[in-house]
>>> print(open('upload32.cif').read())   # mmCIF, C-alpha atoms; chains and numbers go by the auth columns
data_structure
loop_
_atom_site.group_PDB
_atom_site.id
_atom_site.type_symbol
_atom_site.label_atom_id
_atom_site.label_comp_id
_atom_site.label_asym_id
_atom_site.label_seq_id
_atom_site.Cartn_x
_atom_site.Cartn_y
_atom_site.Cartn_z
_atom_site.B_iso_or_equiv
_atom_site.auth_seq_id
_atom_site.auth_asym_id
ATOM 1 C CA MET A 1 -148.715 63.824 -62.153 0.00 13 A
ATOM 2 C CA LYS A 2 -145.578 62.706 -63.990 0.00 14 A
ATOM 3 C CA LYS A 3 -144.755 59.076 -64.741 0.00 15 A
ATOM 4 C CA ILE A 4 -141.506 57.681 -66.133 0.00 16 A
ATOM 5 C CA THR A 5 -140.023 54.285 -66.885 0.00 17 A
ATOM 6 C CA TYR A 6 -136.359 53.920 -65.982 0.00 18 A
ATOM 7 C CA TYR A 7 -134.365 50.995 -67.367 0.00 19 A
ATOM 8 C CA THR A 8 -131.944 49.738 -64.724 0.00 20 A
ATOM 9 C CA THR A 9 -128.338 48.628 -65.119 0.00 21 A
ATOM 10 C CA GLY A 10 -126.354 46.291 -62.894 0.00 22 A
ATOM 11 C CA THR A 11 -129.342 44.862 -60.999 0.00 23 A
ATOM 12 C CA CYS A 12 -131.699 41.910 -61.166 0.00 24 A
ATOM 13 C CA SER A 13 -134.632 44.210 -61.839 0.00 25 A
ATOM 14 C CA ARG A 14 -135.000 45.308 -65.456 0.00 26 A
ATOM 15 C CA GLY A 15 -136.923 48.520 -64.995 0.00 27 A
ATOM 16 C CA ILE A 16 -138.701 50.836 -62.582 0.00 28 A
ATOM 17 C CA GLU A 17 -141.866 52.806 -63.205 0.00 29 A
ATOM 18 C CA VAL A 18 -142.092 55.882 -60.968 0.00 30 A
ATOM 19 C CA CYS A 19 -145.060 58.243 -60.607 0.00 31 A
ATOM 20 C CA GLY A 20 -144.639 61.515 -58.752 0.00 32 A
ATOM 21 C CA GLU A 21 -146.528 64.693 -58.061 0.00 33 A
ATOM 22 C CA ASN A 22 -145.673 67.876 -56.160 0.00 34 A
ATOM 23 C CA GLY A 23 -142.244 66.538 -55.195 0.00 35 A
ATOM 24 C CA ARG A 24 -143.583 63.303 -53.685 0.00 36 A
ATOM 25 C CA ILE A 25 -143.660 59.662 -54.776 0.00 37 A
ATOM 26 C CA VAL A 26 -147.161 58.522 -55.761 0.00 38 A
ATOM 27 C CA ASP A 27 -146.335 54.993 -56.941 0.00 39 A
ATOM 28 C CA VAL A 28 -143.350 52.753 -57.753 0.00 40 A
ATOM 29 C CA THR A 29 -143.362 49.487 -59.708 0.00 41 A
ATOM 30 C CA PHE A 30 -140.254 47.351 -60.212 0.00 42 A
ATOM 31 C CA TYR A 31 -140.021 44.884 -63.111 0.00 43 A
ATOM 32 C CA GLY A 32 -137.988 41.800 -62.266 0.00 44 A
ATOM 33 C CA GLY A 33 -135.794 41.423 -59.215 0.00 45 A
ATOM 34 C CA CYS A 34 -136.687 40.172 -55.730 0.00 46 A
ATOM 35 C CA HIS A 35 -140.438 40.600 -55.837 0.00 47 A
ATOM 36 C CA GLY A 36 -141.211 40.684 -52.115 0.00 48 A
ATOM 37 C CA ASN A 37 -138.383 43.043 -51.195 0.00 49 A
ATOM 38 C CA LEU A 38 -139.130 45.405 -54.055 0.00 50 A
ATOM 39 C CA GLN A 39 -142.842 45.479 -53.221 0.00 51 A
ATOM 40 C CA GLY A 40 -141.834 46.455 -49.688 0.00 52 A
ATOM 41 C CA ILE A 41 -139.570 49.262 -50.889 0.00 53 A
ATOM 42 C CA SER A 42 -142.340 50.490 -53.206 0.00 54 A
ATOM 43 C CA GLN A 43 -144.806 50.707 -50.322 0.00 55 A
ATOM 44 C CA LEU A 44 -142.326 52.339 -47.951 0.00 56 A
ATOM 45 C CA VAL A 45 -141.438 55.204 -50.298 0.00 57 A
ATOM 46 C CA LYS A 46 -145.028 56.113 -51.258 0.00 58 A
ATOM 47 C CA GLY A 47 -145.819 59.609 -50.102 0.00 59 A
ATOM 48 C CA MET A 48 -142.179 60.445 -49.373 0.00 60 A
ATOM 49 C CA LYS A 49 -140.450 63.520 -50.766 0.00 61 A
ATOM 50 C CA TYR A 50 -138.071 62.761 -53.615 0.00 62 A
ATOM 51 C CA GLU A 51 -135.118 64.197 -51.692 0.00 63 A
ATOM 52 C CA ASP A 52 -135.836 62.061 -48.620 0.00 64 A
ATOM 53 C CA VAL A 53 -135.859 58.829 -50.651 0.00 65 A
ATOM 54 C CA ILE A 54 -132.590 59.808 -52.323 0.00 66 A
ATOM 55 C CA ALA A 55 -130.978 60.720 -48.986 0.00 67 A
ATOM 56 C CA ARG A 56 -131.841 57.314 -47.530 0.00 68 A
ATOM 57 C CA LEU A 57 -131.257 54.956 -50.466 0.00 69 A
ATOM 58 C CA LYS A 58 -128.667 56.443 -52.842 0.00 70 A
ATOM 59 C CA GLY A 59 -125.378 54.570 -52.893 0.00 71 A
ATOM 60 C CA ILE A 60 -126.617 51.265 -51.473 0.00 72 A
ATOM 61 C CA SER A 61 -124.763 48.339 -53.057 0.00 73 A
ATOM 62 C CA CYS A 62 -125.834 44.722 -53.527 0.00 74 A
ATOM 63 C CA ASN A 63 -123.562 41.673 -53.257 0.00 75 A
ATOM 64 C CA GLY A 64 -120.439 43.691 -54.003 0.00 76 A
ATOM 65 C CA LYS A 65 -121.960 45.411 -57.045 0.00 77 A
ATOM 66 C CA PRO A 66 -121.616 49.197 -57.226 0.00 78 A
ATOM 67 C CA THR A 67 -125.409 49.609 -57.349 0.00 79 A
ATOM 68 C CA SER A 68 -128.649 48.028 -56.149 0.00 80 A
ATOM 69 C CA CYS A 69 -132.369 48.256 -56.809 0.00 81 A
ATOM 70 C CA PRO A 70 -132.778 50.999 -54.153 0.00 82 A
ATOM 71 C CA ASP A 71 -129.853 52.912 -55.709 0.00 83 A
ATOM 72 C CA GLN A 72 -131.395 52.521 -59.167 0.00 84 A
ATOM 73 C CA LEU A 73 -134.697 53.827 -57.761 0.00 85 A
ATOM 74 C CA CYS A 74 -132.839 56.976 -56.725 0.00 86 A
ATOM 75 C CA ARG A 75 -131.516 57.369 -60.255 0.00 87 A
ATOM 76 C CA ALA A 76 -135.065 56.978 -61.570 0.00 88 A
ATOM 77 C CA ILE A 77 -136.302 59.644 -59.152 0.00 89 A
ATOM 78 C CA GLU A 78 -133.501 61.984 -60.244 0.00 90 A
ATOM 79 C CA GLN A 79 -134.598 61.473 -63.857 0.00 91 A
ATOM 80 C CA LEU A 80 -138.191 62.195 -62.856 0.00 92 A
ATOM 81 C CA MET A 81 -137.067 65.385 -61.110 0.00 93 A
ATOM 82 C CA ASP A 82 -135.134 66.478 -64.228 0.00 94 A
ATOM 83 C CA GLU A 83 -138.197 65.958 -66.418 0.00 95 A
ATOM 84 C CA GLN A 84 -140.611 67.872 -64.182 0.00 96 A
#
>>> encode(input="upload32.cif", output="structure tokens")
Amino acid sequence: MKKITYYTTGTCSRGIEVCGENGRIVDVTFYGGCHGNLQGISQLVKGMKYEDVIARLKGISCNGKPTSCPDQLCRAIEQLMDEQ
């Protein structure tokens, strides 16, 4: 199992901890941000393939910003994939 901490930019959350194994998300923890929404996203992506999460969430914006917490999660997953 591989675990990384990704420090976000352009969002209310400050960081994301992602654990993955065999190409699937094991656990996600957001630090800061909209607690309830981010807990929901964390639960929804558990067990999903990395590529499926990225296909669904990459490019989502928030309040006119060019990124969002789901988009930053995709960037964290891409980093995790690069390190595995």
>>> resolve_selection(input="upload32.cif", expression="the PyMOL selection byres ((chain A and resi 15) around 8)", output="number ranges by chain")
A: 13-14, 16-17, 29-32, 92
>>> write_last_selection(input="upload32.cif", atoms="C-alpha atoms", output="PDB file, keeping the file's coordinate frame")
ATOM      1  CA  MET A  13    -148.715  63.824 -62.153  1.00  0.00           C
ATOM      2  CA  LYS A  14    -145.578  62.706 -63.990  1.00  0.00           C
ATOM      3  CA  ILE A  16    -141.506  57.681 -66.133  1.00  0.00           C
ATOM      4  CA  THR A  17    -140.023  54.285 -66.885  1.00  0.00           C
ATOM      5  CA  GLU A  29    -141.866  52.806 -63.205  1.00  0.00           C
ATOM      6  CA  VAL A  30    -142.092  55.882 -60.968  1.00  0.00           C
ATOM      7  CA  CYS A  31    -145.060  58.243 -60.607  1.00  0.00           C
ATOM      8  CA  GLY A  32    -144.639  61.515 -58.752  1.00  0.00           C
ATOM      9  CA  LEU A  92    -138.191  62.195 -62.856  1.00  0.00           C
TER      10      LEU A  92
END
>>> axis_aligned_box(input="upload32.cif", around="region 80-86 of chain A", padding_each_side="5 Å", output="AutoDock Vina command-line options")
--center_x -131.7 --center_y 52.5 --center_z -56.7 --size_x 16.0 --size_y 18.9 --size_z 15.0
>>> resolve_selection(input="upload32.cif", expression="the PyMOL selection byres ((chain A and resi 67) around 12)", output="list in words")
Val57, Met60, Lys61, Tyr62, Glu63, Asp64, Val65, Ile66, Arg68, Leu69, Lys70, Gly71, Ile72, Pro82, Asp83, Leu85, Cys86, Arg87, Ile89 and Glu90 of chain A
>>> resolve_selection(input="upload32.cif", expression="the PyMOL selection byres ((chain A and resi 28) around 8)", output="PyMOL selection string")
chain A and resi 17-20+25-27+29-30+40-43+85+88
>>> write_last_selection(input="upload32.cif", atoms="C-alpha atoms", output="PDB file, in the frame of the given file")
ATOM      1  CA  THR A  17    -140.023  54.285 -66.885  1.00  0.00           C
ATOM      2  CA  TYR A  18    -136.359  53.920 -65.982  1.00  0.00           C
ATOM      3  CA  TYR A  19    -134.365  50.995 -67.367  1.00  0.00           C
ATOM      4  CA  THR A  20    -131.944  49.738 -64.724  1.00  0.00           C
ATOM      5  CA  SER A  25    -134.632  44.210 -61.839  1.00  0.00           C
ATOM      6  CA  ARG A  26    -135.000  45.308 -65.456  1.00  0.00           C
ATOM      7  CA  GLY A  27    -136.923  48.520 -64.995  1.00  0.00           C
ATOM      8  CA  GLU A  29    -141.866  52.806 -63.205  1.00  0.00           C
ATOM      9  CA  VAL A  30    -142.092  55.882 -60.968  1.00  0.00           C
ATOM     10  CA  VAL A  40    -143.350  52.753 -57.753  1.00  0.00           C
ATOM     11  CA  THR A  41    -143.362  49.487 -59.708  1.00  0.00           C
ATOM     12  CA  PHE A  42    -140.254  47.351 -60.212  1.00  0.00           C
ATOM     13  CA  TYR A  43    -140.021  44.884 -63.111  1.00  0.00           C
ATOM     14  CA  LEU A  85    -134.697  53.827 -57.761  1.00  0.00           C
ATOM     15  CA  ALA A  88    -135.065  56.978 -61.570  1.00  0.00           C
TER      16      ALA A  88
END
>>> atom_distance(input="upload32.cif", atom1="CA of His47 (chain A)", atom2="CA of Thr23 (chain A)")
13.0 Å
>>> closest_residue(input="upload32.cif", among="A:Cys74, A:Ile37, A:Cys24, A:Gly44", to="Leu56 (chain A)", atoms="all atoms listed in the file")
A:Ile37
>>> build_atoms(input="upload32.cif", residues="region 13-24 of chain A", atoms="N, CA and C atoms", output="compact mmCIF listing (two decimals), in the coordinates of the input")
# COMPACT_ATOMS: atom_id res chain seq x y z
N MET A 13 -149.51 64.98 -62.55
CA MET A 13 -148.72 63.82 -62.15
C MET A 13 -147.81 63.43 -63.32
N LYS A 14 -146.58 63.11 -62.99
CA LYS A 14 -145.58 62.71 -63.99
C LYS A 14 -145.21 61.25 -63.75
N LYS A 15 -145.09 60.50 -64.83
CA LYS A 15 -144.76 59.08 -64.74
C LYS A 15 -143.63 58.78 -65.73
N ILE A 16 -142.60 58.08 -65.26
CA ILE A 16 -141.51 57.68 -66.13
C ILE A 16 -141.22 56.20 -65.96
N THR A 17 -140.57 55.63 -66.98
CA THR A 17 -140.02 54.28 -66.89
C THR A 17 -138.52 54.41 -67.02
N TYR A 18 -137.82 53.88 -66.03
CA TYR A 18 -136.36 53.92 -65.98
C TYR A 18 -135.85 52.50 -66.17
N TYR A 19 -134.93 52.31 -67.12
CA TYR A 19 -134.36 51.00 -67.37
C TYR A 19 -133.06 50.85 -66.58
N THR A 20 -133.05 49.90 -65.66
CA THR A 20 -131.94 49.74 -64.72
C THR A 20 -130.72 49.10 -65.37
N THR A 21 -129.58 49.29 -64.71
CA THR A 21 -128.34 48.63 -65.12
C THR A 21 -127.67 48.08 -63.87
N GLY A 22 -127.11 46.89 -63.98
CA GLY A 22 -126.35 46.29 -62.89
C GLY A 22 -127.18 45.67 -61.78
N THR A 23 -128.47 45.45 -62.03
CA THR A 23 -129.34 44.86 -61.00
C THR A 23 -130.18 43.74 -61.59
N CYS A 24 -130.81 42.98 -60.72
CA CYS A 24 -131.70 41.91 -61.17
C CYS A 24 -132.99 42.47 -61.78
